[in-house]
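K.L.:
Below is one structure. I have some questions about it.
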Number of protein chains: 2
Amino acid sequence: MKPAGNEDHSAPPAWERVSSEVRHEYMVFRTRHDRVRSPMNGEVYDWDIVESPDAVAVLALTEARELVMIEQFRHGTGEVVLELPGGVLDEGEAPIEAGLRELREETGYTAGDAELLGTLALNPAFQTGRIHLVRAYGARSTDDKELDEAEDTRVRLIPVAEAISRVREGSLDTAVAIATLARHVWNEDGDREPGAER
Amino acid sequence: MKPAGNEDHSAPPAWERVSSEVRHEYMVFRTRHDRVRSPMNGEVYDWDIVESPDAVAVLALTEARELVMIEQFRHGTGEVVLELPGGVLDEGEAPIEAGLRELREETGYTAGDAELLGTLALNPAFQTGRIHLVRAYGARSTDDKELDEAEDTRVRLIPVAEAISRVREGSLDTAVAIATLARHVWNEDGDREPGAER
């Protein structure tokens, strides 16, 4: 027997934010405390939020259809992680511009022909900020990297098919890199991947 | 000309954590301040981290090969979001057990035949905690939902092919749901998707 309560096709109503105050400032993010009113019962609940800035991840492909990826030690997970280049948007910077800048700084690669693939929410439960996804073609090594003194990135050129194998095996395991790769492969242009001419 | 510095095939060395202290406790997460020593120059740098608990996301398929998803209002993004069921692991709870519990509580669906697809890192730059991915087959509506009083989930049954279309269009845009869907589709079992018999 199918309980009726599981078949509600209406959209869930939005909550009202009754109050909102910044709690603490940190290096990359800050915390905020909200009071939110439930549209179901009118009650007010507390909720803590991490405000993180908008960021960009760039999926750059070489002429040989390799992804320009990086390995770096990350302090959140305490491990060396394989990722797409990316970072926080500078003040007033457009996502495509930011993506090409991060690509150049973190890998020394330059790409042309860049486009927005969309945006991702990282952690809707308690985190603000979106990840803008930039796809760029024709990436090639043109410059020295420009790293902050606390950064140490190693460039890894990885064919799309190998990246998919790594997702399957677990050696590519960051949500943003996998989701961006999926958006690339599942996009109309991506349907010709891997190895297809543009 | 290809700058030599971009072709370093060695793995980046790990950093030493010199000190680590909890800063503030919040409802779902807490903040931590680390001092970390660079293996490149021996200097010590400050770094702020969000410690978030391990969580689970469950990709449950009905016999008709639909994904059991939910729509709910989320306070981090301040929007109604389409997601996979999931949540924080209870103390001592195994990921598969947690995934089936969250599925039952948030959707009223029961599934058997569950397996781990792997884990994801959400935000390696400044966040701890991994997302365990559980895949389950044979999901069907068996119970009433068991929601906290501040929860309001609406079940959405979405065929795999439609979920992929939604990723392409941007109406499915959470990193965890997209990455989990990709792991499902790209897995050996998933190669027969959509619409294939097990």
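Convention: chains lettered A, B, ... in structure tokens order; per-chain residue numbering from 1; ligands numbered from 1 as shown.
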Can you list, as a VMD selection string, every protein, DNA or RNA residue that comes within 7 Å of Pro53 of chain B when you count only C-alpha atoms, leaving out same-chain residues fewer than 3 positions away?

P.N.:
chain B and resid 29 88 129

K.L.:
Just all heavy atoms for this one: save the residues we selected as an mmCIF file, in the first residue's frame.

P.N.:
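Below is the file out.cif, written as the result:
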```
data_model
loop_
_atom_site.group_PDB
_atom_site.id
_atom_site.type_symbol
_atom_site.label_atom_id
_atom_site.label_comp_id
_atom_site.auth_asym_id
_atom_site.auth_seq_id
_atom_site.Cartn_x
_atom_site.Cartn_y
_atom_site.Cartn_z
ATOM 1 N N PHE B 29 28.395 21.996 11.995
ATOM 2 C CA PHE B 29 29.839 21.983 11.745
ATOM 3 C C PHE B 29 30.558 22.741 12.866
ATOM 4 O O PHE B 29 29.914 23.309 13.756
ATOM 5 C CB PHE B 29 30.123 22.644 10.383
ATOM 6 C CG PHE B 29 29.581 24.049 10.258
ATOM 7 C CD1 PHE B 29 30.345 25.143 10.649
ATOM 8 C CD2 PHE B 29 28.296 24.279 9.779
ATOM 9 C CE1 PHE B 29 29.833 26.434 10.555
ATOM 10 C CE2 PHE B 29 27.776 25.572 9.683
ATOM 11 C CZ PHE B 29 28.556 26.649 10.076
ATOM 12 N N VAL B 88 23.668 13.403 7.451
ATOM 13 C CA VAL B 88 24.830 13.103 8.277
ATOM 14 C C VAL B 88 24.724 11.687 8.847
ATOM 15 O O VAL B 88 23.644 11.249 9.233
ATOM 16 C CB VAL B 88 24.930 14.154 9.409
ATOM 17 C CG1 VAL B 88 25.980 13.771 10.430
ATOM 18 C CG2 VAL B 88 25.211 15.528 8.812
ATOM 19 N N GLY B 129 35.509 16.005 6.075
ATOM 20 C CA GLY B 129 34.285 15.210 5.950
ATOM 21 C C GLY B 129 34.097 14.727 4.528
ATOM 22 O O GLY B 129 34.346 15.463 3.575
#
```

K.L.:
Please check the contacts: residues of chain A at most 7 Å away from chain B, using only C-alpha atoms, listed as a PyMOL selection string.

P.N.:
chain A and resi 1-3+5-8+12+14+26-27+38+48-49+72-77+107-108+118-122+124-128+141-144+150+152+154-155+167-168+170+173-176+178-179+182-183+186-187

K.L.:
Could you go through segment 93-183 of chain A and tell me which residues DSSP, when run on the backbone, assigns to alpha helix (DSSP H), listing them as a PDB file with C-alpha atoms, in the first residue's frame?

P.N.:
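As a result, states22.pdb now contains:
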```pdb
ATOM      1  CA  PRO A  95      33.664  33.849 -14.348  1.00  0.00           C
ATOM      2  CA  ILE A  96      35.286  33.203 -17.755  1.00  0.00           C
ATOM      3  CA  GLU A  97      38.006  35.750 -17.060  1.00  0.00           C
ATOM      4  CA  ALA A  98      38.575  34.188 -13.614  1.00  0.00           C
ATOM      5  CA  GLY A  99      38.721  30.680 -15.080  1.00  0.00           C
ATOM      6  CA  LEU A 100      41.344  31.623 -17.675  1.00  0.00           C
ATOM      7  CA  ARG A 101      43.334  33.524 -15.023  1.00  0.00           C
ATOM      8  CA  GLU A 102      43.315  30.558 -12.618  1.00  0.00           C
ATOM      9  CA  LEU A 103      44.282  28.212 -15.449  1.00  0.00           C
ATOM     10  CA  ARG A 104      47.250  30.431 -16.331  1.00  0.00           C
ATOM     11  CA  GLU A 105      48.357  30.967 -12.723  1.00  0.00           C
ATOM     12  CA  GLU A 106      47.975  27.369 -11.542  1.00  0.00           C
ATOM     13  CA  THR A 107      49.193  25.547 -14.666  1.00  0.00           C
ATOM     14  CA  VAL A 160      38.700  12.440 -20.903  1.00  0.00           C
ATOM     15  CA  ALA A 161      38.346   8.638 -21.081  1.00  0.00           C
ATOM     16  CA  GLU A 162      41.040   8.219 -18.417  1.00  0.00           C
ATOM     17  CA  ALA A 163      39.336  10.800 -16.206  1.00  0.00           C
ATOM     18  CA  ILE A 164      36.108   8.777 -16.440  1.00  0.00           C
ATOM     19  CA  SER A 165      38.042   5.597 -15.518  1.00  0.00           C
ATOM     20  CA  ARG A 166      39.501   7.446 -12.538  1.00  0.00           C
ATOM     21  CA  VAL A 167      36.012   8.455 -11.385  1.00  0.00           C
ATOM     22  CA  ARG A 168      34.970   4.796 -11.581  1.00  0.00           C
ATOM     23  CA  GLU A 169      38.069   3.659  -9.634  1.00  0.00           C
ATOM     24  CA  ALA A 175      32.531  16.467  -6.326  1.00  0.00           C
ATOM     25  CA  VAL A 176      33.262  19.608  -8.366  1.00  0.00           C
ATOM     26  CA  ALA A 177      35.678  17.924 -10.798  1.00  0.00           C
ATOM     27  CA  ILE A 178      33.339  14.956 -11.361  1.00  0.00           C
ATOM     28  CA  ALA A 179      30.245  17.154 -11.776  1.00  0.00           C
ATOM     29  CA  THR A 180      32.073  19.436 -14.211  1.00  0.00           C
ATOM     30  CA  LEU A 181      33.324  16.468 -16.218  1.00  0.00           C
ATOM     31  CA  ALA A 182      29.759  15.107 -16.342  1.00  0.00           C
ATOM     32  CA  ARG A 183      28.415  18.457 -17.565  1.00  0.00           C
TER      33      ARG A 183
END
```

K.L.:
Where in chain B does DSSP assign strand (DSSP E or B), given as a PyMOL selection string?

P.N.:
chain B and resi 16-25+30-37+44-51+55-62+66-74+79-83+86-88+109-121+127+130-141+154-159+174
